[in-house]
Every structure is written in structure tokens, then in C-alpha cells.
$ cat input36.cif   # mmCIF, C-alpha atoms
data_work
#
loop_
_atom_site.label_atom_id
_atom_site.label_comp_id
_atom_site.auth_asym_id
_atom_site.auth_seq_id
_atom_site.Cartn_x
_atom_site.Cartn_y
_atom_site.Cartn_z
CA MET H 1 -6.29 25.31 5.66
CA SER H 2 -5.44 21.61 5.29
CA VAL H 3 -4.63 20.69 1.71
CA PHE H 4 -5.79 17.14 2.41
CA SER H 5 -9.35 17.91 3.49
CA GLU H 6 -10.34 21.14 1.71
CA TYR H 7 -10.30 21.24 -2.06
CA LYS H 8 -9.78 23.96 -4.67
CA ASP H 9 -9.95 24.14 -8.44
CA CYS H 10 -6.77 25.89 -9.61
CA ILE H 11 -3.11 25.86 -8.61
CA GLU H 12 -1.75 28.93 -6.85
CA GLU H 13 1.67 30.14 -5.75
CA GLY H 14 2.85 28.18 -2.68
CA ASP H 15 0.48 25.24 -3.15
CA LEU H 16 1.58 21.68 -2.40
CA VAL H 17 1.20 19.77 -5.69
CA LEU H 18 1.76 16.09 -6.46
CA VAL H 19 3.39 15.68 -9.87
CA TRP H 20 2.43 12.43 -11.59
CA ILE H 21 5.40 11.41 -13.77
CA SER H 22 4.52 7.75 -14.15
CA ARG H 23 2.49 5.12 -12.36
CA ASP H 24 5.31 4.39 -9.90
CA ASN H 25 6.80 7.87 -9.76
CA ILE H 26 4.87 10.68 -8.02
CA LYS H 27 6.77 13.65 -6.60
CA PRO H 28 5.50 16.30 -4.13
CA ILE H 29 6.57 19.89 -4.84
CA ARG H 30 5.80 23.32 -3.40
CA VAL H 31 4.89 25.63 -6.29
CA ASP H 32 7.35 28.51 -6.65
CA SER H 33 7.27 30.64 -9.81
CA ASN H 34 11.09 30.93 -9.70
CA GLU H 35 11.70 27.17 -9.56
CA ILE H 36 11.93 24.47 -12.24
CA PHE H 37 10.88 20.83 -11.84
CA ASN H 38 13.44 18.61 -13.60
CA THR H 39 12.77 15.09 -14.81
CA ARG H 40 14.55 12.66 -17.11
CA TYR H 41 12.05 13.64 -19.81
CA GLY H 42 12.48 17.41 -19.56
CA SER H 43 12.26 20.49 -17.34
CA PHE H 44 8.93 22.01 -16.31
CA PRO H 45 8.90 25.59 -14.92
CA HIS H 46 6.59 25.98 -11.92
CA LYS H 47 5.08 29.11 -13.48
CA MET H 48 3.52 26.85 -16.14
CA MET H 49 1.50 25.20 -13.36
CA ILE H 50 0.13 28.37 -11.75
CA GLY H 51 -3.45 28.97 -12.86
CA GLN H 52 -3.86 25.44 -14.22
CA ARG H 53 -6.70 23.28 -12.93
CA TYR H 54 -5.76 20.36 -10.72
CA GLY H 55 -5.57 17.21 -12.81
CA SER H 56 -4.27 19.08 -15.88
CA GLN H 57 -1.63 17.70 -18.18
CA ILE H 58 1.37 19.97 -18.75
CA ALA H 59 3.46 19.28 -21.85
CA ILE H 60 6.75 20.67 -23.18
CA ARG H 61 8.61 20.12 -26.45
CA THR H 62 11.86 18.23 -25.87
CA LYS H 63 15.11 19.53 -27.35
CA GLY H 64 16.57 18.02 -30.48
CA ALA H 65 13.44 16.13 -31.55
CA ASN H 66 9.88 16.79 -32.53
CA LYS H 67 8.61 15.08 -29.39
CA PHE H 68 6.73 16.13 -26.28
CA ALA H 69 7.16 15.30 -22.60
CA PHE H 70 4.31 15.71 -20.15
CA ILE H 71 3.34 15.46 -16.49
CA HIS H 72 0.05 15.67 -14.59
CA VAL H 73 -0.43 18.04 -11.65
CA LEU H 74 -2.66 16.57 -8.93
CA GLN H 75 -4.16 17.86 -5.71
CA PRO H 76 -2.91 15.99 -2.62
CA THR H 77 -5.09 13.30 -1.06
CA PRO H 78 -4.13 10.78 1.63
CA GLU H 79 -4.13 8.03 -1.02
CA LEU H 80 -1.76 9.90 -3.35
CA TRP H 81 0.39 11.06 -0.44
CA THR H 82 0.91 7.42 0.57
CA LEU H 83 2.36 6.77 -2.90
CA SER H 84 4.66 9.80 -2.88
CA LEU H 85 5.74 10.44 0.72
CA PRO H 86 9.37 10.10 1.85
CA HIS H 87 9.70 6.79 3.70
CA ARG H 88 11.13 7.13 7.19
CA THR H 89 9.71 3.76 8.27
CA GLN H 90 7.61 0.96 6.85
CA ILE H 91 4.22 2.49 6.05
CA VAL H 92 0.58 1.43 6.12
CA TYR H 93 -0.78 1.42 2.57
CA THR H 94 -4.24 2.60 1.56
CA PRO H 95 -5.93 -0.84 1.23
CA ASP H 96 -4.84 -1.67 4.78
CA SER H 97 -5.65 1.72 6.34
CA SER H 98 -9.11 1.85 4.78
CA TYR H 99 -9.84 -1.68 5.99
CA ILE H 100 -8.70 -0.82 9.53
CA MET H 101 -10.83 2.34 9.70
CA GLU H 102 -13.86 0.43 8.44
CA ARG H 103 -13.41 -2.33 11.03
CA LEU H 104 -13.01 0.25 13.82
CA ASN H 105 -16.04 2.24 12.57
CA CYS H 106 -14.15 5.53 12.28
CA ASN H 107 -16.32 8.62 11.73
CA PRO H 108 -16.23 12.39 12.39
CA ARG H 109 -17.06 11.76 16.08
CA THR H 110 -14.09 9.41 16.55
CA ARG H 111 -11.21 10.36 18.84
CA ALA H 112 -8.28 8.19 17.74
CA VAL H 113 -4.93 7.35 19.33
CA GLU H 114 -2.07 6.33 17.01
CA ALA H 115 1.33 5.05 18.19
CA GLY H 116 3.72 5.46 16.44
CA THR H 117 3.53 8.11 13.77
CA GLY H 118 6.35 6.79 11.54
CA SER H 119 6.19 8.28 8.05
CA GLY H 120 2.70 9.70 8.61
CA SER H 121 0.91 7.69 5.93
CA PHE H 122 -1.92 6.47 8.19
CA SER H 123 -1.94 9.79 10.07
CA HIS H 124 -3.12 11.63 6.94
CA ALA H 125 -5.90 9.09 6.37
CA PHE H 126 -6.98 9.39 10.02
CA ALA H 127 -6.89 13.19 9.87
CA ARG H 128 -9.39 13.26 7.03
CA SER H 129 -11.82 10.78 8.60
CA VAL H 130 -11.84 11.20 12.40
CA GLY H 131 -12.80 13.99 14.76
CA HIS H 132 -9.38 14.22 16.42
CA LEU H 133 -6.14 12.23 16.14
CA TYR H 134 -3.57 11.94 18.93
CA SER H 135 -0.36 10.61 17.39
CA TYR H 136 2.74 9.51 19.35
CA GLU H 137 6.30 9.05 18.07
CA PHE H 138 9.20 7.99 20.33
CA HIS H 139 12.02 8.63 17.81
CA GLY H 140 13.20 12.25 18.04
CA PRO H 141 14.26 12.93 14.41
CA ARG H 142 11.16 11.20 13.04
CA TYR H 143 8.97 13.23 15.38
CA GLU H 144 10.56 16.49 14.18
CA GLU H 145 10.11 15.51 10.53
CA ALA H 146 6.48 14.51 11.09
CA LEU H 147 5.70 17.71 13.02
CA LYS H 148 7.23 19.84 10.26
CA GLU H 149 5.29 17.90 7.62
CA PHE H 150 1.99 18.18 9.51
CA ARG H 151 2.47 21.95 9.92
CA GLU H 152 3.13 22.38 6.20
CA HIS H 153 -0.03 20.41 5.43
CA GLY H 154 -2.15 22.40 7.87
CA LEU H 155 -2.99 19.43 10.10
CA VAL H 156 -1.83 20.85 13.45
CA ASP H 157 -3.13 24.41 13.26
CA ALA H 158 -5.10 25.74 16.20
CA ASP H 159 -8.42 24.74 14.63
CA LYS H 160 -7.29 21.41 13.17
CA ASN H 161 -7.65 17.88 14.43
CA VAL H 162 -4.15 16.37 14.84
CA THR H 163 -2.00 16.41 17.98
CA ILE H 164 1.46 14.87 17.73
CA THR H 165 3.54 14.10 20.81
CA HIS H 166 7.15 12.98 21.26
CA ARG H 167 6.92 10.10 23.74
CA ASP H 168 7.69 6.44 24.33
CA VAL H 169 4.19 5.21 25.20
CA CYS H 170 5.45 1.76 26.20
CA ARG H 171 7.39 3.34 29.05
CA ASP H 172 5.62 6.63 29.82
CA GLY H 173 2.00 5.94 28.82
CA PHE H 174 -0.43 8.02 26.77
CA ARG H 175 -1.28 10.90 29.11
CA ILE H 176 -0.65 14.30 27.52
CA ARG H 177 0.04 17.47 29.45
CA ARG H 178 -0.41 20.76 27.64
CA GLU H 179 3.29 21.57 27.93
CA ASP H 180 4.11 18.27 26.17
CA VAL H 181 2.71 19.49 22.84
CA THR H 182 3.07 22.63 20.76
CA SER H 183 1.48 25.63 22.51
CA HIS H 184 -0.24 26.87 19.35
CA GLN H 185 -2.83 24.12 19.68
CA PHE H 186 -3.79 24.19 23.35
CA GLY H 187 -2.64 27.57 24.54
CA GLU H 188 -0.25 28.19 27.41
CA ASP H 189 -2.41 26.82 30.24
CA GLU H 190 -0.99 23.91 32.17
CA GLY H 191 -2.94 20.78 32.87
CA GLU H 192 -3.81 17.47 31.29
CA VAL H 193 -5.44 17.05 27.91
CA ALA H 194 -8.67 15.02 28.06
CA ILE H 195 -8.35 12.44 25.29
CA GLY H 196 -11.24 10.00 25.76
CA ALA H 197 -10.23 7.86 22.77
CA ASN H 198 -12.66 5.35 21.29
CA VAL H 199 -10.26 4.07 18.59
CA VAL H 200 -6.66 2.91 19.16
CA PHE H 201 -4.08 1.94 16.53
CA LEU H 202 -0.74 0.52 17.68
CA ASP H 203 2.12 0.14 15.20
CA LEU H 204 4.84 -0.68 17.72
CA PRO H 205 7.60 -3.31 18.14
CA ALA H 206 6.16 -4.28 21.54
CA PRO H 207 2.45 -3.32 21.70
CA TRP H 208 1.96 -5.54 24.77
CA ASP H 209 3.96 -2.99 26.80
CA ALA H 210 1.66 -0.15 25.70
CA ILE H 211 -1.67 -1.95 26.25
CA PRO H 212 -1.67 -1.59 30.09
CA HIS H 213 -1.36 2.22 29.72
CA LEU H 214 -4.46 2.52 27.52
CA GLU H 215 -6.75 2.66 30.55
CA GLU H 216 -5.51 6.22 31.10
CA VAL H 217 -6.91 7.60 27.85
CA ILE H 218 -9.72 5.43 26.47
CA CYS H 219 -13.33 6.49 26.79
CA SER H 220 -15.13 4.75 29.66
CA ASP H 221 -18.66 5.29 28.34
CA GLU H 222 -18.28 3.88 24.81
CA LYS H 223 -17.18 0.72 23.10
CA VAL H 224 -13.49 1.18 22.25
CA GLY H 225 -11.90 -0.50 19.24
CA LEU H 226 -8.22 -1.40 18.97
CA CYS H 227 -5.99 -2.59 16.12
CA CYS H 228 -2.38 -3.77 16.47
CA PHE H 229 -0.24 -3.88 13.34
CA SER H 230 2.46 -6.58 13.69
CA PRO H 231 4.88 -8.05 11.12
CA CYS H 232 5.30 -11.48 12.77
CA ILE H 233 3.04 -14.02 14.44
CA GLU H 234 5.14 -14.13 17.65
CA GLN H 235 4.21 -10.49 18.26
CA VAL H 236 0.55 -11.35 17.73
CA ASP H 237 0.76 -14.12 20.33
CA LYS H 238 2.21 -11.85 23.02
CA THR H 239 -0.23 -9.06 22.13
CA ILE H 240 -3.22 -11.38 22.55
CA GLU H 241 -1.96 -12.44 25.97
CA ALA H 242 -1.80 -8.78 27.06
CA LEU H 243 -5.25 -8.01 25.62
CA ASN H 244 -6.84 -10.94 27.44
CA LYS H 245 -5.15 -9.95 30.68
CA HIS H 246 -6.48 -6.37 30.52
CA GLY H 247 -10.09 -7.14 29.67
CA TRP H 248 -10.22 -6.74 25.87
CA SER H 249 -12.62 -9.06 24.05
CA ASP H 250 -13.91 -10.00 20.58
CA LEU H 251 -10.35 -10.68 19.49
CA GLN H 252 -9.72 -11.44 15.83
CA MET H 253 -6.53 -11.61 13.79
CA VAL H 254 -6.40 -10.88 10.04
CA GLU H 255 -3.39 -11.65 7.86
CA ILE H 256 -2.46 -9.11 5.20
CA GLN H 257 -1.10 -10.75 2.07
CA ALA H 258 -1.81 -8.54 -0.91
CA LYS H 259 -1.88 -10.35 -4.24
CA GLN H 260 -2.70 -9.09 -7.70
CA PHE H 261 -4.92 -11.43 -9.70
CA GLU H 262 -5.33 -11.12 -13.44
CA SER H 263 -7.60 -12.87 -15.92
CA ARG H 264 -5.77 -14.69 -18.73
CA ARG H 265 -6.49 -17.19 -21.49
CA GLN H 266 -4.69 -20.52 -21.57
CA MET H 267 -4.61 -22.85 -24.55
CA VAL H 268 -6.52 -26.11 -24.15
CA ARG H 269 -4.09 -29.00 -24.63
CA THR H 270 -5.43 -32.42 -25.65
CA VAL H 271 -4.11 -35.97 -25.32
CA ASP H 272 -3.35 -35.98 -29.06
CA ASP H 273 -1.09 -32.95 -28.52
CA ALA H 274 0.77 -34.81 -25.77
CA ILE H 275 1.21 -37.90 -27.96
CA GLU H 276 2.51 -35.80 -30.83
CA ARG H 277 4.91 -34.08 -28.43
CA LEU H 278 6.33 -37.46 -27.29
CA ARG H 279 6.73 -38.57 -30.91
CA ASP H 280 8.52 -35.33 -31.68
CA VAL H 281 10.91 -35.80 -28.76
CA LYS H 282 11.64 -39.37 -29.82
CA ARG H 283 12.21 -38.32 -33.45
CA ARG H 284 14.58 -35.49 -32.46
CA LYS H 285 16.50 -37.80 -30.15
CA SER H 286 16.89 -40.42 -32.90
CA GLU H 287 18.03 -37.81 -35.42
CA GLY H 288 20.54 -36.42 -32.94
CA LEU H 289 22.05 -39.84 -32.30
CA GLU H 290 22.33 -40.54 -36.02
CA ARG H 291 23.97 -37.16 -36.65
CA ARG H 292 26.53 -37.64 -33.85
CA LYS H 293 27.33 -41.13 -35.23
CA ARG H 294 28.02 -39.69 -38.70
CA MET H 295 30.21 -36.95 -37.22
CA CYS H 296 32.30 -39.51 -35.33
CA GLU H 297 32.72 -41.60 -38.46
CA SER H 298 33.81 -38.55 -40.47
CA LEU H 299 36.43 -37.66 -37.84
CA VAL H 300 37.86 -41.19 -37.89
CA SER H 301 38.08 -41.20 -41.70
CA ASP H 302 39.39 -37.58 -41.81
CA GLN H 303 36.72 -36.71 -44.32
CA PRO H 304 34.43 -33.70 -44.02
CA GLU H 305 30.81 -34.38 -43.37
CA ALA H 306 28.80 -34.32 -46.58
CA ASP H 307 26.24 -31.74 -45.60
CA GLU H 308 25.14 -31.29 -49.20
CA THR H 309 24.09 -34.93 -49.56
CA GLU H 310 22.49 -35.15 -46.12
CA GLU H 311 18.75 -35.16 -46.09
CA LYS H 312 17.71 -32.09 -44.10
CA ARG H 313 14.51 -31.71 -42.17
CA PRO H 314 12.29 -28.95 -43.58
CA VAL H 315 12.75 -25.60 -41.88
CA THR H 316 9.01 -25.41 -41.29
CA GLU H 317 9.24 -28.28 -38.81
CA LYS H 318 11.44 -26.16 -36.52
CA THR H 319 9.03 -23.28 -36.46
CA LYS H 320 5.83 -25.27 -36.29
CA PHE H 321 3.72 -24.41 -33.26
CA ASN H 322 4.10 -26.86 -30.41
CA PRO H 323 1.70 -26.44 -27.47
CA PHE H 324 4.06 -28.31 -25.10
CA GLY H 325 7.47 -26.94 -26.05
CA LYS H 326 9.40 -24.48 -28.16
CA GLY H 327 7.90 -23.37 -31.41
CA ALA H 328 6.20 -20.53 -33.20
CA ARG H 329 4.46 -17.99 -30.97
CA VAL H 330 0.68 -17.82 -31.01
CA LYS H 331 -1.14 -14.69 -29.91
CA GLU H 332 -3.22 -15.23 -26.79
CA GLY H 333 -6.86 -15.70 -27.82
CA ASP H 334 -6.08 -16.70 -31.44
CA ALA H 335 -9.36 -17.93 -32.94
CA ASN H 336 -7.61 -20.88 -34.62
CA TYR H 337 -7.02 -22.52 -31.25
CA LYS H 338 -9.18 -23.45 -28.29
CA TRP H 339 -8.74 -21.41 -25.09
CA LYS H 340 -10.00 -21.42 -21.49
CA GLU H 341 -10.23 -18.60 -18.95
CA VAL H 342 -7.78 -18.87 -16.05
CA THR H 343 -6.68 -16.67 -13.14
CA LYS H 344 -3.01 -16.01 -12.52
CA VAL H 345 -1.30 -14.42 -9.51
CA GLU H 346 1.62 -12.05 -9.87
CA PRO H 347 4.93 -13.85 -9.18
CA GLU H 348 6.07 -11.35 -6.51
CA ILE H 349 4.05 -9.66 -3.78
CA LYS H 350 4.54 -5.89 -4.14
CA SER H 351 3.50 -4.97 -0.59
CA HIS H 352 4.54 -6.06 2.88
CA THR H 353 2.86 -8.92 4.70
CA SER H 354 1.74 -8.48 8.29
CA TYR H 355 -1.01 -9.24 10.82
CA LEU H 356 -3.83 -7.07 12.14
CA THR H 357 -5.13 -7.93 15.60
CA PHE H 358 -8.53 -6.39 16.42
CA ALA H 359 -10.05 -6.17 19.88
CA PHE H 360 -12.85 -4.25 21.62
CA LYS H 361 -13.58 -3.16 25.15
CA VAL H 362 -16.34 -1.52 27.16
CA ALA H 363 -14.72 -0.01 30.25
CA ASN H 364 -17.92 0.90 32.06
CA LYS H 365 -20.40 -1.99 31.96
CA SER H 366 -22.87 -0.59 34.46
CA ARG H 367 -26.34 0.33 33.15
CA ASP H 368 -27.80 3.79 33.38
CA GLU H 369 -31.17 2.67 34.76
CA GLU H 370 -32.71 6.12 34.36
CA ALA H 371 -31.81 6.26 30.67
CA VAL H 372 -33.07 2.70 30.13
CA GLN H 373 -36.37 3.55 31.81
CA LYS H 374 -36.84 6.58 29.56
CA ILE H 375 -36.25 4.44 26.46
CA LEU H 376 -38.76 1.84 27.66
CA GLU H 377 -41.39 4.51 28.41
CA SER H 378 -40.94 6.13 25.00
CA THR H 379 -41.27 2.69 23.35
CA GLU H 380 -44.46 1.86 25.26
CA SER H 381 -46.05 5.21 24.42
CA LYS H 382 -45.61 4.46 20.70
#
$ encode --input "input36.cif" --output "C-alpha cells"
Amino acid sequence: MSVFSEYKDCIEEGDLVLVWISRDNIKPIRVDSNEIFNTRYGSFPHKMMIGQRYGSQIAIRTKGANKFAFIHVLQPTPELWTLSLPHRTQIVYTPDSSYIMERLNCNPRTRAVEAGTGSGSFSHAFARSVGHLYSYEFHGPRYEEALKEFREHGLVDADKNVTITHRDVCRDGFRIRREDVTSHQFGEDEGEVAIGANVVFLDLPAPWDAIPHLEEVICSDEKVGLCCFSPCIEQVDKTIEALNKHGWSDLQMVEIQAKQFESRRQMVRTVDDAIERLRDVKRRKSEGLERRKRMCESLVSDQPEADETEEKRPVTEKTKFNPFGKGARVKEGDANYKWKEVTKVEPEIKSHTSYLTFAFKVANKSRDEEAVQKILESTESK
């Protein structure tokens, strides 16, 4: 059973559980009643999790203080797995993978080709949504890690919908022979696996070398969609040249540049505020010059500065609110001041930027005249 597509209510021994420690810290564990999950906040025995409903909060009392530490135990989903998986390569995040699958019209009838597998983030999303996924990885250690991971998650069992192959598709193409993949999925018979893909996703350094080989595996009777994931525009340029050369059409490139927008309130500043600010700057400058002049005179005369007789500016002037400079803090939205709604962007982008190149192709453009005639006859009879 795949833990990512079939759901259950309660945690059992041996289950894969995602432990939510904080928003940016989610850890996958395999529940073992003899193990303990250690965090900076405390230690949580696995046996406390067994029998609990997924989504439950588990709390313990910390030592030496009357305080509690807690975690949440969650059932794995492709979205949560993307946040917690071990990174072997740069990954495709959920907003990007969901957008790609929507553009390529993925559904339970889809037969998808993915090259390369990488950390398996997009593979898990594909596995939940498509009919069958053929994933290719050229790097040996990454392939072994991905295969082990997919087996643990129940994605490559005999009745499941993921096939992973160790191959450099840019050099050797996409054809799969039964002996190229694990025997538990296709049996021991020799021969070629019929792929007939209608969706292709290429996350490769040189996708233009893989595009000519796609003719071997794409479906000839359906419209086939393709997406290339590239980190730089030079790769996009060479990819488009290869797509045009091999008959792909409806080309479109989308730039990924994730930004977080937030709604804030900004104080309305008037001309009078600006004038007052300039007067304040001029007054402070004049006072500073006068003070430095008195200090120089006191050093020449070897007499201490008479601070007691000096007229001091009231302390309240230093802490008075100044909308253009330093001063007392005012809480955002304070009713004593006038505010306007503004939108601010986070200063740093927290996800990678890249380019998605979409293209489509119909390999067989000949019409089935018999089928067309039947459709016309049925329409006329109505």
C-alpha cells in the first residue's frame, strides 16, 4: 500500500510519519515502539504515537521546569514530503509542480515520462495524480536512493504506478527493456515496455539532447504535452531550437519567481511634516555647531564646560514622534494617525528562480475518416 495515496486514521507500528516540529522543521520517521524521537525541546518515545490519530498533538513535560514541549504527527502527502525530504538535488516545489500538472492536463489516464528523478519531490506528486510514471535517473547513487525510497513508500510494488530506470536518456534514449527495471514490476519476460507517454517532464542540464529520443516513447494517437525545467535563459533558447526542429508547437515559456506579498499599513506623511522635519534638522545642526564652539573655547581657556548653566533642550523633544526620522515608536494602525494600505514584498526570495518551457505535439495528424463519419451521422440523427 502506498502511504501517499491511501489514507488511514490511526498510527500503527512501522508507519511512515512526518513529525511537525515547527513551520520550517518537519522530520520523517518510521514508527518503532523501541525508538525515541529526540528534539531540542525534549524526547518523544515512538510508543506514544502508536494508536494516536494522524494530526494529533503529542506533548511531554520538560525536565526542570513546569513547561511542556509538543509535536504534531502527520500522515505523509506529496506536499508535506516536499518540505521534509532529504535533498539530493535541487527540487521542484509544490506551487511549481501543481502548476505544471495543470498546464499538462494530468489525470488518472496520463502516462508520464520524467527525466531525471533527482530527490523525488515531483515524482511523488506525479505518482498520486497520473496513471503511470516512468522516471529516469542517470546518476547511480541517486538512482539507488530513489529506488529504495520508492519501495519504502509503496510506489514501485507490482500493482503500483511508478517505474524508475537508471539511464542517461540524453545518450541512450527512453526505451525500456524489461531487464532494465526491477523484475518485481514486469516479471521475468524479456522484451520492450510499451510506454506511450502523453506527458513529458524534463529536468535535465541539456534537454535538447533528450528531445530527439522522445519519438521512441510518446503516444502517436494523442496530443502530447512537454515541460522543460531550466535554471537559465540560455538553456531555454537551445531547448526551443530543438523543439522547433522536431515538430513541437504551441511553445510558451513561463518564468518562476516566487514572491511573498503582505498587506501593511503605512503612515500618511504630509508637506507640513516634511517642513517640520527640515526645521528640526536645521535646529539640531545649529545647536551642534554652537555646542562644539563652546567646547573649543573651554579647552583653550582650560576651564570645564559649565553644563549646569547651559540651557538644555527638554528630554521630550528627543523622544517626540518624527514621521521622517528617529523618534518614538508608533504602533502600526494607531488611531491617532492617518494610515494607508500598501503591499510589501519580502526582501529575499525563499525559493529558486527558473524557467518552464511548455510545448505540445500531435505525432499522427491523419484523420480517421470512418470515426469522423460516425460522429457526423450521430450528430445528424439528433
$ axis_aligned_box --input "input36.cif" --around "region 192-211 of chain H" --padding-each-side "4 Å" --output "lines of an AutoDock Vina configuration file"
center_x = -2.5
center_y = 6.0
center_z = 23.2
size_x = 28.3
size_y = 31.0
size_z = 24.1
$ closest_residue --input "input36.cif" --among "H:Ala69, H:Ser121, H:Gly42, H:Asp9" --to "Gly55 (chain H)" --atoms "all atoms listed in the file"
H:Asp9
$ atom_distance --input "input36.cif" --atom1 "CA of Leu85 (chain H)" --atom2 "CA of Tyr136 (chain H)"
18.9 Å
$ atom_distance --input "input36.cif" --atom1 "CA of Asp96 (chain H)" --atom2 "CA of Val113 (chain H)"
17.1 Å
$ resolve_selection --input "input36.cif" --expression "the PyMOL selection byres ((chain H and resi 246) around 10)" --output "MDAnalysis selection string"
chainID H and resid 211:212 214:215 240:245 247:249 361
$ residues_around --input "input36.cif" --residues "Gly120 (chain H)" --least-positions-apart "4" --cutoff "12 Å" --atoms "only C-alpha atoms" --output "CSV table (one decimal) with C-alpha atoms, in the coordinates of the input"
chain,number,residue,atom,x,y,z
H,78,PRO,CA,-4.1,10.8,1.6
H,79,GLU,CA,-4.1,8.0,-1.0
H,81,TRP,CA,0.4,11.1,-0.4
H,82,THR,CA,0.9,7.4,0.6
H,83,LEU,CA,2.4,6.8,-2.9
H,84,SER,CA,4.7,9.8,-2.9
H,85,LEU,CA,5.7,10.4,0.7
H,86,PRO,CA,9.4,10.1,1.8
H,87,HIS,CA,9.7,6.8,3.7
H,88,ARG,CA,11.1,7.1,7.2
H,89,THR,CA,9.7,3.8,8.3
H,90,GLN,CA,7.6,1.0,6.8
H,91,ILE,CA,4.2,2.5,6.0
H,92,VAL,CA,0.6,1.4,6.1
H,93,TYR,CA,-0.8,1.4,2.6
H,97,SER,CA,-5.6,1.7,6.3
H,114,GLU,CA,-2.1,6.3,17.0
H,115,ALA,CA,1.3,5.0,18.2
H,116,GLY,CA,3.7,5.5,16.4
H,124,HIS,CA,-3.1,11.6,6.9
H,125,ALA,CA,-5.9,9.1,6.4
H,126,PHE,CA,-7.0,9.4,10.0
H,127,ALA,CA,-6.9,13.2,9.9
H,133,LEU,CA,-6.1,12.2,16.1
H,135,SER,CA,-0.4,10.6,17.4
H,136,TYR,CA,2.7,9.5,19.4
H,137,GLU,CA,6.3,9.0,18.1
H,142,ARG,CA,11.2,11.2,13.0
H,143,TYR,CA,9.0,13.2,15.4
H,144,GLU,CA,10.6,16.5,14.2
H,145,GLU,CA,10.1,15.5,10.5
H,146,ALA,CA,6.5,14.5,11.1
H,147,LEU,CA,5.7,17.7,13.0
H,148,LYS,CA,7.2,19.8,10.3
H,149,GLU,CA,5.3,17.9,7.6
H,150,PHE,CA,2.0,18.2,9.5
H,153,HIS,CA,0.0,20.4,5.4
H,155,LEU,CA,-3.0,19.4,10.1
H,162,VAL,CA,-4.2,16.4,14.8
H,164,ILE,CA,1.5,14.9,17.7
H,203,ASP,CA,2.1,0.1,15.2
$ closest_residue --input "input36.cif" --among "H:Thr77, H:Leu251, H:Arg103, H:Asp172" --to "Glu6 (chain H)" --atoms "all atoms listed in the file"
H:Thr77
